[in-house]
Amino acid sequence: MFKKSLIAVAAASMLTLTACGGTGSAAGNAGSDKITMGFAQVGAESGWRTANTKSVQESAKKAGIDLKFSDAQQKQENQIKAIRSYIQQKVDVIAFSPVVESGWDTVLKEAKTAKIPVILTDRAVDSSDKTLYKTFLGSDFVEEGKKAGAWLVEDSKAASDTVNIVEIQGTTGSAPANDRKEGFEEAIKANPKLKIIASQSGDFTRSGGKQVMEAFLKNNPDIDVVFAHNDDEGLGAIEAIEAAGKVPGKDIKIVTIDAVKDGMTALSNGKINYIVECSPMLGDQLMDLAKKVIAGETVPERVVTEETTFTQEQAKQVLASRPY
């Protein structure tokens, strides 16, 4: 380490305290006026994820946090490799959005041993050891599924026959896929006429949604509703429905989750019937939590983002002002 005068050390310490928003500082931050965060992103599988990445990167810059970013390309092994690299680099804090829920204990214990705090963003892990991470920032995916199901229950009140639903799930084993499915199924129990006749993963991608929907249409001629775990899958399903000569939003109703610009455009155009919001704009909250954690402040174990829902008419009103 380069030798510094006592005045320089004192100045750097003051800058560190200011950046952290408190009176404490992690050992890895000594002698530096910046917090270093290692962020392991899921990938770039959807419009939501792209917006989420942009939010994290822009917020880090605004907060004066040095961000080391990696794209796991939707592979857990890539995320684990990135986290271990951050541990070796002795970053101040690690944040990541887990590809799947299981299989994280080993690497999280390594981070804990290295005294590097971990923040989960967007997605949770299923570890029973809650000391392996400081907090989880993200949406309530079960509630999102319930909101989607509740709309369909209300919309199908007048149905005299069985309402056949096909479900395009998110990435197998991921928290949003597991929880949205759970919440949706719980909600539609209120109407016994609602029946899920097929369910398959589209991996949260538009191409996956199209491919799955093509298979659904081929094997199930009488489909009334599509429940897609995100907008991109729903947009892919629209392509397949139109290619089959049917009208999305009318012949087959579509309910999705996310509310990204492309999804909201399709909603305002009548091709999607209802969208439950899942905001990707987590950057500012993440940087605030990181500063508090580094400063030794107590943070909530769970921070839930506030979100809403959109009908076709509501989408028309807000579409022009959507930031993502």
# chains A, B, ... in the order shown; residues from 1 in each chain; ligands from 1
>>> select_by_dssp(residues="segment 44-273 of chain A", states="strand (DSSP E or B)", output="ChimeraX atom specification")
/A:66-71,93-96,118-121,135-138,163-169,194-201,225-228,248,252-258
>>> residues_around(residues="Lys316 of chain A", least_positions_apart="2", cutoff="9 Å", atoms="only C-alpha atoms", output="list in words")
Met264, Thr265, Leu267, Ser268, Asn269, Thr311, Gln312, Glu313, Gln314, Val318, Leu319 and Ala320 of chain A
>>> write_last_selection(atoms="C-alpha atoms", output="PDB file, in the first residue's frame")
ATOM      1  CA  MET A 264     -47.571  -2.186 -21.845  1.00  0.00           C
ATOM      2  CA  THR A 265     -47.731  -1.319 -25.543  1.00  0.00           C
ATOM      3  CA  LEU A 267     -51.725  -4.140 -23.384  1.00  0.00           C
ATOM      4  CA  SER A 268     -52.749  -0.692 -24.642  1.00  0.00           C
ATOM      5  CA  ASN A 269     -53.268  -2.201 -28.115  1.00  0.00           C
ATOM      6  CA  THR A 311     -55.821  -2.781 -17.357  1.00  0.00           C
ATOM      7  CA  GLN A 312     -55.856  -1.904 -21.041  1.00  0.00           C
ATOM      8  CA  GLU A 313     -57.286   1.557 -20.362  1.00  0.00           C
ATOM      9  CA  GLN A 314     -54.800   2.254 -17.582  1.00  0.00           C
ATOM     10  CA  VAL A 318     -49.392   5.832 -18.527  1.00  0.00           C
ATOM     11  CA  LEU A 319     -47.594   4.335 -21.523  1.00  0.00           C
ATOM     12  CA  ALA A 320     -45.899   7.560 -22.657  1.00  0.00           C
TER      13      ALA A 320
END
>>> closest_residue(among="A:Pro192, A:Gly103, A:Gly138, A:Pro117", to="Thr36 of chain A", atoms="only C-alpha atoms")
A:Pro117
>>> residues_around(residues="Gly43 of chain A", least_positions_apart="6", cutoff="8 Å", atoms="only C-alpha atoms", output="NGL selection string")
:A and (49 or 71-74)
>>> residues_around(residues="Ala198 of chain A", least_positions_apart="3", cutoff="12 Å", atoms="only C-alpha atoms", output="MDAnalysis selection string")
chainID A and resid 164:169 195 201 212:213 215:228
>>> residues_around(residues="segment 81-91 of chain A", least_positions_apart="2", cutoff="6 Å", atoms="only C-alpha atoms", output="VMD selection string")
chain A and resid 36 to 38 78 to 79 93
>>> residues_around(residues="segment 55-70 of chain A", least_positions_apart="5", cutoff="7 Å", atoms="only C-alpha atoms", output="compact mmCIF listing (two decimals) with C-alpha atoms, in the first residue's frame")
# COMPACT_ATOMS: atom_id res chain seq x y z
CA LYS A 34 -15.51 4.48 -2.50
CA ILE A 35 -17.51 1.38 -1.73
CA THR A 36 -16.80 -1.46 -4.16
CA MET A 37 -19.77 -3.68 -5.02
CA GLY A 38 -19.60 -6.94 -6.91
CA PHE A 39 -22.91 -7.50 -8.73
CA ALA A 40 -23.72 -10.87 -10.37
CA GLN A 41 -26.68 -10.42 -12.73
CA ALA A 82 -18.42 -14.47 -10.29
CA MET A 281 -35.96 -0.11 -10.85
CA LEU A 282 -34.19 -1.46 -7.77
CA GLY A 283 -30.90 0.40 -8.19
CA ASP A 284 -31.42 3.33 -5.82
CA MET A 287 -27.21 1.32 -3.25
>>> atom_distance(atom1="atom CA of Tyr324 of chain A", atom2="atom CA of Ala51 of chain A")
6.1 Å
>>> select_by_dssp(residues="segment 31-141 of chain A", states="helix (DSSP H, G or I)", output="ChimeraX atom specification")
/A:47-63,76-88,105-113,130-132,141
>>> atom_distance(atom1="atom CA of Gly183 of chain A", atom2="atom CA of Glu143 of chain A")
6.1 Å
